[in-house]
$ cat query-v3.txt   # compact mmCIF, C-alpha atoms
# COMPACT_ATOMS: atom_id res chain seq x y z
CA ARG A 1 25.18 -5.56 -1.34
CA GLU A 2 24.95 -2.78 -3.92
CA SER A 3 21.65 -4.18 -5.24
CA GLN A 4 20.14 -4.40 -1.77
CA ALA A 5 21.39 -0.89 -0.99
CA LEU A 6 19.63 0.47 -4.09
CA VAL A 7 16.38 -1.25 -3.15
CA ASP A 8 16.57 0.12 0.41
CA LEU A 9 17.47 3.61 -0.81
CA ALA A 10 14.58 3.75 -3.29
CA GLU A 11 12.15 2.59 -0.61
CA SER A 12 13.39 5.07 2.00
CA ARG A 13 13.27 8.00 -0.46
CA GLY A 14 9.96 7.01 -2.00
CA ARG A 15 11.48 6.67 -5.46
CA VAL A 16 10.65 4.30 -8.31
CA LEU A 17 13.45 1.79 -8.93
CA MET A 18 13.30 -0.21 -12.14
CA VAL A 19 15.77 -2.62 -13.76
CA ASP A 20 15.63 -2.77 -17.54
CA HIS A 21 15.26 -6.50 -17.99
CA THR A 22 14.18 -5.75 -21.53
CA TYR A 23 12.81 -9.17 -22.46
CA LEU A 24 10.02 -8.85 -19.91
CA PHE A 25 8.55 -6.19 -22.19
CA SER A 26 8.67 -8.42 -25.24
CA ASN A 27 5.17 -9.26 -26.48
CA ALA A 28 6.31 -12.85 -27.06
CA VAL A 29 7.43 -13.29 -23.44
CA ARG A 30 4.22 -11.76 -22.15
CA ARG A 31 2.23 -14.14 -24.35
CA ILE A 32 4.17 -17.08 -22.93
CA LYS A 33 3.21 -16.01 -19.42
CA GLU A 34 -0.44 -15.69 -20.45
CA LEU A 35 -0.44 -19.23 -21.86
CA ILE A 36 1.23 -20.74 -18.79
CA ASP A 37 -0.90 -18.82 -16.28
CA GLY A 38 -4.00 -19.84 -18.25
CA GLY A 39 -3.11 -23.52 -17.88
CA GLU A 40 -2.47 -24.15 -21.58
CA LEU A 41 0.62 -26.25 -20.78
CA GLY A 42 -0.70 -27.87 -17.63
CA ASP A 43 1.73 -28.37 -14.76
CA LEU A 44 5.25 -27.37 -15.76
CA TYR A 45 7.87 -30.14 -15.72
CA TYR A 46 11.00 -28.26 -16.76
CA VAL A 47 12.48 -25.26 -18.54
CA ASP A 48 15.45 -25.57 -20.91
CA SER A 49 17.19 -22.41 -22.12
CA ILE A 50 20.01 -21.95 -24.62
CA ARG A 51 21.61 -18.54 -25.22
CA ILE A 52 24.84 -19.03 -27.15
CA ASN A 53 26.88 -17.08 -29.71
CA LEU A 54 30.45 -16.23 -30.70
CA GLY A 55 31.63 -13.50 -28.30
CA LEU A 56 31.61 -10.81 -27.20
CA PHE A 57 34.26 -11.59 -24.61
CA GLN A 58 34.24 -9.44 -21.46
CA ARG A 59 37.16 -8.56 -19.22
CA ASP A 60 35.31 -7.96 -15.95
CA ILE A 61 32.49 -10.54 -15.94
CA ASN A 62 32.02 -14.14 -17.04
CA VAL A 63 29.48 -15.50 -19.52
CA ILE A 64 26.88 -16.12 -16.77
CA TRP A 65 26.78 -12.48 -15.71
CA ASP A 66 26.76 -11.38 -19.37
CA LEU A 67 24.05 -13.62 -20.85
CA ALA A 68 22.15 -15.45 -18.11
CA PRO A 69 20.37 -12.39 -16.61
CA HIS A 70 18.07 -12.32 -19.66
CA ASP A 71 16.76 -15.86 -19.23
CA LEU A 72 16.84 -15.88 -15.42
CA SER A 73 14.66 -12.76 -15.40
CA ILE A 74 12.27 -14.27 -17.98
CA VAL A 75 11.79 -17.44 -15.94
CA ASP A 76 11.45 -15.46 -12.70
CA TYR A 77 8.74 -13.33 -14.31
CA ILE A 78 6.87 -16.28 -15.83
CA LEU A 79 7.05 -18.74 -12.94
CA ASP A 80 6.74 -16.25 -10.10
CA GLY A 81 8.07 -18.90 -7.72
CA ALA A 82 10.82 -19.05 -5.12
CA VAL A 83 14.12 -20.64 -6.11
CA ARG A 84 15.16 -23.53 -3.93
CA SER A 85 18.77 -24.12 -4.95
CA ILE A 86 21.26 -23.50 -7.75
CA SER A 87 24.17 -25.45 -9.19
CA ALA A 88 26.50 -24.31 -11.97
CA TRP A 89 29.44 -25.60 -13.97
CA GLY A 90 31.70 -23.59 -16.25
CA CYS A 91 35.20 -23.17 -17.61
CA GLY A 92 37.29 -20.57 -19.40
CA HIS A 93 39.33 -21.04 -22.55
CA ALA A 94 40.38 -17.56 -23.64
CA ASP A 95 41.03 -16.69 -19.98
CA GLN A 96 41.04 -19.48 -17.41
CA GLU A 97 39.82 -17.08 -14.73
CA ILE A 98 36.73 -15.99 -16.70
CA GLU A 99 34.22 -18.67 -17.71
CA ASP A 100 33.18 -18.49 -21.36
CA ILE A 101 30.98 -21.61 -21.24
CA ALA A 102 28.58 -22.37 -18.40
CA TYR A 103 25.58 -24.48 -17.43
CA VAL A 104 23.26 -23.36 -14.64
CA ASN A 105 20.67 -25.62 -12.99
CA VAL A 106 17.92 -24.02 -10.89
CA ASP A 107 15.61 -26.07 -8.64
CA TYR A 108 12.18 -24.51 -8.06
CA GLY A 109 10.88 -27.41 -5.96
CA GLU A 110 7.86 -29.60 -6.74
CA ARG A 111 9.96 -31.46 -9.35
CA LEU A 112 10.28 -28.31 -11.47
CA MET A 113 13.81 -27.59 -12.68
CA ALA A 114 15.29 -25.11 -15.15
CA ASN A 115 18.55 -25.45 -17.07
CA PHE A 116 20.41 -22.56 -18.67
CA HIS A 117 23.25 -22.95 -21.18
CA VAL A 118 25.28 -19.81 -21.96
CA ASN A 119 28.29 -19.75 -24.23
CA TRP A 120 30.64 -17.24 -25.88
CA LEU A 121 32.33 -19.87 -28.08
CA SER A 122 29.44 -21.10 -30.21
CA PRO A 123 29.85 -20.80 -34.01
CA VAL A 124 26.09 -20.21 -34.29
CA LYS A 125 23.73 -17.84 -32.48
CA ILE A 126 20.84 -19.60 -30.72
CA ARG A 127 18.10 -18.16 -28.53
CA HIS A 128 15.81 -21.03 -27.53
CA MET A 129 13.66 -21.69 -24.48
CA ILE A 130 11.49 -24.76 -23.91
CA PHE A 131 8.68 -24.78 -21.35
CA ALA A 132 7.47 -28.38 -21.02
CA GLY A 133 4.22 -29.17 -19.26
CA SER A 134 1.91 -32.08 -18.51
CA ARG A 135 -0.53 -31.07 -21.27
CA LYS A 136 1.59 -29.30 -23.88
CA SER A 137 5.03 -27.83 -24.44
CA LEU A 138 6.10 -24.44 -25.75
CA VAL A 139 9.22 -23.49 -27.70
CA PHE A 140 10.32 -19.86 -27.80
CA ASN A 141 12.77 -18.90 -30.55
CA GLY A 142 14.02 -15.40 -29.85
CA LEU A 143 15.53 -15.09 -33.32
CA ASN A 144 12.29 -15.87 -35.18
CA THR A 145 10.52 -12.54 -35.64
CA THR A 146 7.49 -13.95 -37.49
CA GLU A 147 6.62 -17.02 -35.36
CA PRO A 148 8.63 -16.80 -32.12
CA ILE A 149 6.33 -19.18 -30.22
CA LYS A 150 5.26 -22.69 -31.14
CA VAL A 151 3.00 -24.79 -28.91
CA TYR A 152 3.31 -28.56 -29.27
CA ASP A 153 0.58 -30.98 -28.26
CA ARG A 154 3.17 -33.68 -27.67
CA GLY A 155 4.16 -35.45 -24.50
CA ILE A 156 3.56 -38.47 -22.32
CA GLU A 157 0.58 -39.90 -20.46
CA VAL A 158 1.22 -41.99 -17.37
CA GLY A 159 -1.40 -44.37 -15.99
CA GLU A 160 -3.21 -42.98 -12.99
CA SER A 161 -3.40 -46.19 -10.98
CA ALA A 162 -0.58 -47.26 -8.66
CA ASP A 163 -0.27 -50.51 -10.61
CA ASP A 164 0.19 -48.66 -13.90
CA ARG A 165 2.83 -46.40 -12.39
CA GLN A 166 4.68 -49.35 -10.88
CA ARG A 167 4.81 -51.03 -14.29
CA LEU A 168 5.86 -47.73 -15.88
CA LEU A 169 3.03 -47.76 -18.39
CA VAL A 170 3.74 -44.61 -20.35
CA GLY A 171 1.79 -43.54 -23.41
CA TYR A 172 3.11 -41.07 -25.98
CA ARG A 173 0.91 -38.31 -27.30
CA SER A 174 1.51 -36.53 -30.61
CA GLY A 175 -0.93 -33.85 -31.73
CA ASP A 176 -1.03 -30.47 -33.43
CA VAL A 177 1.56 -27.72 -33.47
CA TRP A 178 0.35 -24.13 -33.52
CA SER A 179 1.88 -20.68 -33.39
CA PRO A 180 -0.09 -17.93 -31.61
CA TYR A 181 -0.18 -14.48 -33.15
CA ILE A 182 2.20 -12.03 -31.48
CA GLU A 183 1.41 -8.33 -31.71
CA PRO A 184 4.40 -6.43 -33.18
CA GLY A 185 6.11 -4.13 -30.72
CA GLU A 186 9.48 -2.76 -29.65
CA ALA A 187 10.55 -4.05 -26.24
CA LEU A 188 12.87 -1.10 -25.51
CA GLN A 189 10.05 1.32 -26.21
CA GLY A 190 7.90 -0.65 -23.79
CA VAL A 191 10.60 -0.36 -21.11
CA VAL A 192 10.80 3.43 -21.40
CA GLY A 193 7.03 3.89 -21.54
CA HIS A 194 6.44 1.62 -18.55
CA PHE A 195 9.10 3.41 -16.46
CA ALA A 196 7.60 6.81 -17.26
CA SER A 197 4.12 5.55 -16.40
CA CYS A 198 5.29 4.13 -13.05
CA ILE A 199 6.96 7.44 -12.14
CA ARG A 200 3.87 9.41 -13.11
CA ASP A 201 1.40 7.13 -11.32
CA GLY A 202 3.58 5.99 -8.42
CA ALA A 203 3.13 2.36 -9.47
CA THR A 204 5.50 -0.58 -8.90
CA PRO A 205 7.38 -1.51 -12.10
CA LEU A 206 7.12 -4.97 -13.60
CA SER A 207 10.90 -5.30 -13.33
CA ASP A 208 11.27 -3.58 -9.98
CA GLY A 209 14.24 -3.58 -7.64
CA ALA A 210 13.05 -6.75 -5.93
CA LEU A 211 13.12 -8.70 -9.21
CA GLY A 212 16.54 -7.28 -10.04
CA LEU A 213 17.78 -8.27 -6.59
CA ARG A 214 16.52 -11.82 -7.04
CA VAL A 215 18.35 -12.13 -10.36
CA VAL A 216 21.58 -10.79 -8.86
CA ARG A 217 21.36 -13.28 -6.00
CA MET A 218 20.89 -16.12 -8.48
CA LEU A 219 23.95 -14.93 -10.42
CA GLU A 220 25.97 -14.74 -7.22
CA ALA A 221 24.83 -18.23 -6.24
CA ALA A 222 25.83 -19.59 -9.66
CA SER A 223 29.28 -18.00 -9.34
CA ARG A 224 29.73 -19.54 -5.89
CA SER A 225 28.67 -22.93 -7.22
CA ILE A 226 31.23 -22.82 -10.03
CA LYS A 227 33.98 -22.08 -7.51
CA ALA A 228 32.75 -25.08 -5.49
CA GLN A 229 32.98 -27.40 -8.53
CA GLY A 230 29.23 -27.46 -9.11
CA GLY A 231 28.18 -27.67 -5.47
CA ARG A 232 24.54 -26.72 -4.91
CA VAL A 233 23.93 -23.34 -3.34
CA VAL A 234 20.77 -23.63 -1.25
CA LEU A 235 18.79 -20.41 -1.04
CA SER A 236 17.25 -21.20 2.31
CA SER A 237 14.65 -18.46 2.42
CA GLY A 238 13.78 -18.58 -1.29
CA VAL A 239 14.95 -15.77 -3.53
CA ASN A 240 11.48 -14.31 -3.99
CA ASP A 241 11.29 -13.83 -0.23
CA ASN A 242 14.36 -11.59 -0.45
CA GLY A 243 16.21 -13.99 1.83
CA SER A 244 19.98 -13.73 1.94
CA ASP A 245 20.76 -16.90 3.92
CA THR A 246 22.52 -19.29 1.57
CA ARG A 247 24.81 -22.25 1.96
CA THR A 248 26.80 -24.32 -0.48
CA GLU A 249 26.59 -28.10 -0.61
CA ARG A 250 29.16 -30.39 -2.16
CA SER A 251 28.27 -31.71 -5.60
CA GLY A 252 25.67 -34.48 -5.28
CA GLN A 253 24.28 -33.39 -1.91
CA ARG A 254 20.68 -32.25 -1.60
CA ASP A 255 18.67 -30.82 1.26
CA GLN A 256 15.73 -33.24 1.25
CA ASP A 257 13.90 -31.39 4.02
CA HIS A 258 13.80 -28.00 2.33
CA GLY A 259 10.33 -26.92 1.20
CA GLY A 260 9.37 -26.21 -2.42
CA ARG A 261 7.24 -23.41 -3.85
CA PRO A 262 5.25 -21.57 -1.16
CA ALA A 263 1.65 -22.69 -0.72
CA GLY A 264 -0.66 -20.67 -2.91
CA ALA A 265 2.15 -19.28 -5.05
CA ARG A 266 1.47 -19.10 -8.77
CA ARG A 267 3.15 -21.41 -11.22
CA ASP A 268 1.86 -19.52 -13.31
CA HIS A 269 21.45 -1.50 -19.21
CA ALA A 270 21.54 -4.79 -21.20
CA LEU A 271 20.34 -4.73 -24.80
CA LEU A 272 18.70 -7.65 -26.58
CA ARG A 273 21.61 -9.81 -27.58
$ encode --input "query-v3.txt" --output "structure tokens"
Amino acid sequence: RESQALVDLAESRGRVLMVDHTYLFSNAVRRIKELIDGGELGDLYYVDSIRINLGLFQRDINVIWDLAPHDLSIVDYILDGAVRSISAWGCGHADQEIEDIAYVNVDYGERLMANFHVNWLSPVKIRHMIFAGSRKSLVFNGLNTTEPIKVYDRGIEVGESADDRQRLLVGYRSGDVWSPYIEPGEALQGVVGHFASCIRDGATPLSDGALGLRVVRMLEAASRSIKAQGGRVVLSSGVNDNGSDTRTERSGQRDQDHGGRPAGARRDHALLR
């Protein structure tokens, strides 16, 4: 409600509302979007994200609200597609009422799914995202400052004929691995500069109120799913359509009639932690 109220207030007053989803201003993340929009990976199959570390424990929010906004906003920015449904599982050890380990599954339709693992109990710090496509796959290591992105020409090739598919004739492809050059830059500086530019020019920010609202609704859906023992929360109108009609299904149920990504849609103050 508060997020929607801010969006409505900014619109009614003619003000620029921007959420500092800092990673969207990372040159590495922007390069990932360029590669995917340019078709380098082909059709996306899935996204796997891991953001785990030891602490810091929070008293008022769980690990999903603490860590998942980073990766949810990255995927929202890169895919630019409506979310179909969300399911989440989690548990708390330090405090049973506050989850410190969680897994979030997001269905984007068209057989594209994203999984997010967030954890406050890991002995090691990991920041990995995998974008797997029909042509190539990309691995983003947020802790590697010299080569954060690696593109792998590895995957499978399925026969095109119905007979080949029925016999499950799958070929495995293994090719080159390359790391594109990423221009050095400070993401926080990019956030401030972009906000100032949008205010001066009256432009819509990259991470505007609508994007922030979509992320909040995904977080709320994940929290509802955990309370329902992993039941899927169907976002009937699609989060990118700013729809608020949601319903929760029991674990294992799916709405087979719900549409996927809209026709013509592209597939294409938290610090960095």
$ atom_distance --input "query-v3.txt" --atom1 "atom CA of Asp37 of chain A" --atom2 "atom CA of Ser137 of chain A"
13.5 Å
$ atom_distance --input "query-v3.txt" --atom1 "atom CA of Lys125 of chain A" --atom2 "atom CA of Asn53 of chain A"
4.3 Å
$ atom_distance --input "query-v3.txt" --atom1 "atom CA of Gly190 of chain A" --atom2 "atom CA of Ser207 of chain A"
11.8 Å
$ closest_residue --input "query-v3.txt" --among "A:Asn105, A:Glu99, A:Met18, A:Gly92" --to "Ala222 of chain A" --atoms "only C-alpha atoms"
A:Asn105
$ closest_residue --input "query-v3.txt" --among "A:Gly14, A:Pro184, A:Pro123, A:Pro69" --to "Val215 of chain A" --atoms "only C-alpha atoms"
A:Pro69
$ closest_residue --input "query-v3.txt" --among "A:Phe57, A:Phe140, A:Phe195, A:Tyr152" --to "His93 of chain A" --atoms "only C-alpha atoms"
A:Phe57
$ closest_residue --input "query-v3.txt" --among "A:Ser49, A:Ser134, A:Gln4, A:Ser197" --to "Ile74 of chain A" --atoms "all atoms listed in the file"
A:Ser49
$ residues_around --input "query-v3.txt" --residues "Gly155 of chain A" --least-positions-apart "4" --cutoff "10 Å" --atoms "all atoms listed in the file" --output "PyMOL selection string"
chain A and resi 132-137+171-175
$ closest_residue --input "query-v3.txt" --among "A:Arg111, A:His128, A:Arg59, A:His194" --to "Leu143 of chain A" --atoms "all atoms listed in the file"
A:His128
$ residues_around --input "query-v3.txt" --residues "segment 23-36 of chain A" --least-positions-apart "4" --cutoff "7 Å" --atoms "all atoms listed in the file" --output "PDB file with C-alpha atoms, keeping the file's coordinate frame"
ATOM      1  CA  GLU A  40      -2.470 -24.150 -21.580  1.00  0.00           C
ATOM      2  CA  LEU A  41       0.620 -26.250 -20.780  1.00  0.00           C
ATOM      3  CA  HIS A  70      18.070 -12.320 -19.660  1.00  0.00           C
ATOM      4  CA  ILE A  74      12.270 -14.270 -17.980  1.00  0.00           C
ATOM      5  CA  ILE A  78       6.870 -16.280 -15.830  1.00  0.00           C
ATOM      6  CA  PRO A 148       8.630 -16.800 -32.120  1.00  0.00           C
ATOM      7  CA  ILE A 182       2.200 -12.030 -31.480  1.00  0.00           C
ATOM      8  CA  GLU A 183       1.410  -8.330 -31.710  1.00  0.00           C
ATOM      9  CA  GLY A 185       6.110  -4.130 -30.720  1.00  0.00           C
ATOM     10  CA  ALA A 187      10.550  -4.050 -26.240  1.00  0.00           C
ATOM     11  CA  GLY A 190       7.900  -0.650 -23.790  1.00  0.00           C
ATOM     12  CA  VAL A 191      10.600  -0.360 -21.110  1.00  0.00           C
ATOM     13  CA  ASP A 268       1.860 -19.520 -13.310  1.00  0.00           C
TER      14      ASP A 268
END
$ closest_residue --input "query-v3.txt" --among "A:Thr204, A:Ser85, A:Thr22, A:Asn62" --to "Val234 of chain A" --atoms "all atoms listed in the file"
A:Ser85
$ residues_around --input "query-v3.txt" --residues "Ile126 of chain A" --least-positions-apart "6" --cutoff "7 Å" --atoms "all atoms listed in the file" --output "list in words"
Ile50, Arg51, Ile52 and Asn53 of chain A
